[in-house]
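Q: For reference, the structure I am asking about is given below.
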Amino acid sequence: MLIKKPIDQDAIRGLSQISLPFLFAMVLLAAPMVLLLAMSFWTQDFLTLDKSFTLNNIREAWFEPIYQVLMMRSLKISLIVTFVTILLAYPAAYYMSFVAPNRRKPLLVFLITIPFWTSYLMRIFLWKVILGYNGVINSTLIELGFIEKPLEFILYNQFAVVLTLSHAWLPFAVLPIFVAMERMNRSYLEAAQDLGDSAFQSFIRITLPLTMPGVVAATLIVFVPTIGDYVTPKLVGGPDGLMIANMIEMQFKKANNAPLGAALALSAMFLVATVALIFVWLNRRYLKSEGAA
Amino acid sequence: MRMKLRILATVCAAAMAPTLSSANELIVQDWSGYEDPGFIGAYIAAHGGPPKYSFFGEEEEAFQKLRSGFKVDVSHPCAQSVSKWREAGLIEPLDISRIARWDDVDVIKEKFKYDDGYYFLPTDWGSTALTYRTDLVDLDKMNSLQVFLDPEFEGRVSMQDSSDGAYALAYLATGVSDWSKATQEDFEKATAWLRKAHKNVLTYWTDGAQLNQLMTSGEVTVAWAWNETPTALKAEGIPVASNRDAVEGSSTWFCGYSNVVDGPNSEDLMYDFLNAWMEPESAAYIVSAWGYGHGNQTAMTALGKGALNNIGLGPVSTPVLAQLPMDTKLREQMIAEFEKIKAGF
């Protein structure tokens with residue numbers, strides 16, 4: 001005899017609500033990933049794809065010195081950008097959350113988003129104007145008599161890439177840190193003060209650990225996209241500032257080698273995931289040692 | 001409810017309107033900037049307006065877009081890409097009986113004749129040559145392409161960010177002026193030369209405007225540049241000159257239109273468009289306004305030597321490497337090596 005299970009209304013509602021986002025994720029995220037993975041095992045000869053299995057692309061992506069160098073350079077640039085951004089964003093967020101009066105907070109958040117009003121390309125070109133050979137910085141320094149000839153190390157190199165990216169991503173780092181600070185229960189600080197902590201001590205022992213989730217979120221938000229950035233190195237990077245994304249683009253387009261491009265893209269993704277996991281793990285350890293988690 | 005439906009219907013109709021009205025409008029896939037009405041005056045006069053354009057910044061972008069199914073009537077590849085586009089089945093032969101001035105078209109057209117016909121109508125061309133700031137360099141050195149290796153110009157040099165442009169220079173510098181006959185050995189020699197020259201490069205320019213800025217500021221003093229650069233900069237009063245008579249020579253590039261397969265519109269429109277391009281007025285316009293050469297040979301000759309010399313397209317006595325289609329295998333190698341060189345390997 002068959003026993004009909006009663007239909008659980010909650011389960012149906014739950015499934016119907018999740019199915020659309022799930023479908024979305026499958027079609028727009030999982031399917032392209034699978035395609036990329038499959039492609040990385042194929043070979044391309046000029047215009048035709050040979051779909052027999054090979055590991056050559058993965059091997060090339062990992063062991064050819066040129067790709068190793070580009071991968072490491074992207075990692076380095078991205079880590080420096082993340083570090084600089086967080087270092088600048090934390091005090092800004094701190095000011096917005098702890099120092100500024102409540103009624104001014106919305107205005108400050110609004111001001112932080114102003115750079116987004118300008119297209120990113122426009123901001124890159126403005127950096128070119130500022131850093132250029134006869135740009136704002138060089139002509140000011142020459143006018144003031146500090147230097148005789150224009151400085152040449154400030155544009156078309158990795159420094160310019162780091163500077164441009166840091167400026168672009170700063171707002172993305174400020175906002176999550178600000179939110180974490182806003183969520184913090186301020187009575188802990190009062191309690192610490194009552195018990196005789198100095199301002200610095202209570203920052204180290206209370207504010208920092210409790211805002212760490214915001215810092216981690218900001219780190220990931222900045223680190224993950226910058227490693228794959230492609231337009232910044234292309235425009236301000238010069239020959240030694242090219243990053244892995246430029247190479248991936250080249251493989252898909254000019255070099256007619258989509259499989260190698262796919263293998264490089266997957267390798268970069270793997271690298272990002274590994275480093276991101278290390279961040280998260282370090283954060284866990286830190287929070288545990290602080291007794292906050 | 002009824003109100004909502006009415007709004008919905010209106011919005012849908014409004015959204016569809018442009019699609020419907022443009023059903024019979026030629027779609028041209030072109031380089032950004034080529035929407036200049038001066039090129040196709042006759043088409044605009046006949047049809048009351050320009051065709052619809054879809055722009056690209058580099059040929060590979062256009063190629064990938066077409067391969068993934070984007071529908072256009074006509075596209076604007078450059079000479080070296082035509083065979084690739086043909087092999088990918090993206091373009092079909094032109095019906096030359098419908099191009100009124102076919103006999104006037106530059107003889108270069110013969111290089112694009114395959115078994116089933118002509119695939120390419122050359123429309124615009126220019127030269128690439130040694131270009132320099134006359135006030136910032138020693139002019140005596142500017143008669144040989146070997147200046148690109150001169151340590152004096154370290155960090156002062158820019159060349160084209162394209163394997164074709166850069167290799168045209170490298171082949172010339174190593175004594176090859178027809179790359180369609182280049183051997184593997186020639187290729188290796190050119191690559192070695194380019195690798196040495198890379199040490200001097202500040203950045204590789206991707207478009208004329210970028211190079212113009214670099215040369216205006218004096219950051220770049222020696223460049224491998226299109227003839228539009230000295231033409232444009234001299235007009236702005238910047239002391240820039242080019243020397244197409246360098247001992248090793250200079251190079252020329254060609255671009256033009258190809259008939260894309262399965263174009264969504266009537267081919268009549270496409271031939272009107274191509275015929276408009278071939279008008280002598282268009283030739284006079286592109287020469288004077290853009291400093292480019294034109295694919296109508298007869299019209300170019302009619303403009304006279306003086307006009308051509310002014311924009312740096314007159315005849316020269318030194319070797320000229322024409323950037324024509326070459327062996328695809330060798331070209332693939334060029335592309336791969338050029339990327340390695342740019343990354344410092």
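Chain labels run A, B, ... following the order of the structure tokens; each chain numbers its residues from 1, and ligands are numbered from 1 in the order shown.
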Quick one: DSSP alpha helix (DSSP H) residues in range 55-273 of chain A, as a PyMOL selection string?

A: chain A and resi 56-63+65-94+105-112+120-131+136-143+158-183+187-194+199-202+208-227+231-236+244-252+258-273

Q: When you look at Ala241 in chain B with a cut-off of 7 Å (counting only C-alpha atoms), what residues show up, excluding the ones that are within fewer than 3 positions of it in the same chain? I need them as number ranges by chain.

A: B: 131-134, 230

Q: Based on only C-alpha atoms, which of the residues in chain B come within 6 Å of chain A? I want them as a list in words.

A: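 Therefore, the residues near the partner are Glu60, Thr203, Ser217, Glu219 and Lys342 of chain B.
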
Q: Of the candidates B:Pro315, B:Gly295, B:Gly263, B:Gly48, which one gets nearest to Leu90 in chain B if we count only C-alpha atoms?

A: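 Ranked by minimum distance to Leu90 in chain B, first place goes to B:Gly263.
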
Q: Run DSSP on the backbone of this structure and report the residues of range 65-240 of chain B it assigns to strand (DSSP E or B), as a ChimeraX atom specification.

A: /B:74-75,78,91-92,105,113-114,117-118,121-133,157-158,160,201,205,222-226,240

Q: Env of Ala235 in chain B: 12 Å cut, atoms = only C-alpha atoms, seq-sep filter 4 positions within chain, self excluded. Answer as a list in words.

A: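 Residues near the query, excluding close chain neighbours: Asn212, Thr216, Glu228, Thr229, Pro230, Thr231, Pro239, Val240, Ala241, Ala289, Gly291, Asn310 and Ile311 of chain B.
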
Q: Any chance you can output those residues with C-alpha atoms as a PDB file, in the first residue's frame?

A:
ATOM      1  CA  ASN B 212      50.561  61.782 -30.483  1.00  0.00           C
ATOM      2  CA  THR B 216      53.885  65.955 -27.852  1.00  0.00           C
ATOM      3  CA  GLU B 228      49.146  60.482 -39.603  1.00  0.00           C
ATOM      4  CA  THR B 229      51.340  61.243 -36.568  1.00  0.00           C
ATOM      5  CA  PRO B 230      53.783  63.667 -38.204  1.00  0.00           C
ATOM      6  CA  THR B 231      50.915  65.115 -40.293  1.00  0.00           C
ATOM      7  CA  PRO B 239      58.580  69.586 -34.399  1.00  0.00           C
ATOM      8  CA  VAL B 240      58.004  66.015 -35.533  1.00  0.00           C
ATOM      9  CA  ALA B 241      59.231  64.498 -38.766  1.00  0.00           C
ATOM     10  CA  ALA B 289      41.210  65.318 -43.576  1.00  0.00           C
ATOM     11  CA  GLY B 291      46.196  62.003 -43.990  1.00  0.00           C
ATOM     12  CA  ASN B 310      52.702  66.464 -47.929  1.00  0.00           C
ATOM     13  CA  ILE B 311      51.073  63.654 -45.990  1.00  0.00           C
TER      14      ILE B 311
END

Q: Using only C-alpha atoms, can you tell me which of B:Asp30, B:Glu35, B:Asp104, B:Asp124 comes closest to Gly293 in chain B?

A: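 Of B:Asp30, B:Glu35, B:Asp104, B:Asp124, the one nearest Gly293 in chain B, counting only C-alpha atoms, is B:Asp124.
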
Q: Here is a test: counting only C-alpha atoms, which residue of B:Cys255, B:Val316, B:Ala307, B:Ala182 is nearest to Lys329 in chain B?

A: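 The closest residue to Lys329 in chain B is B:Ala182.
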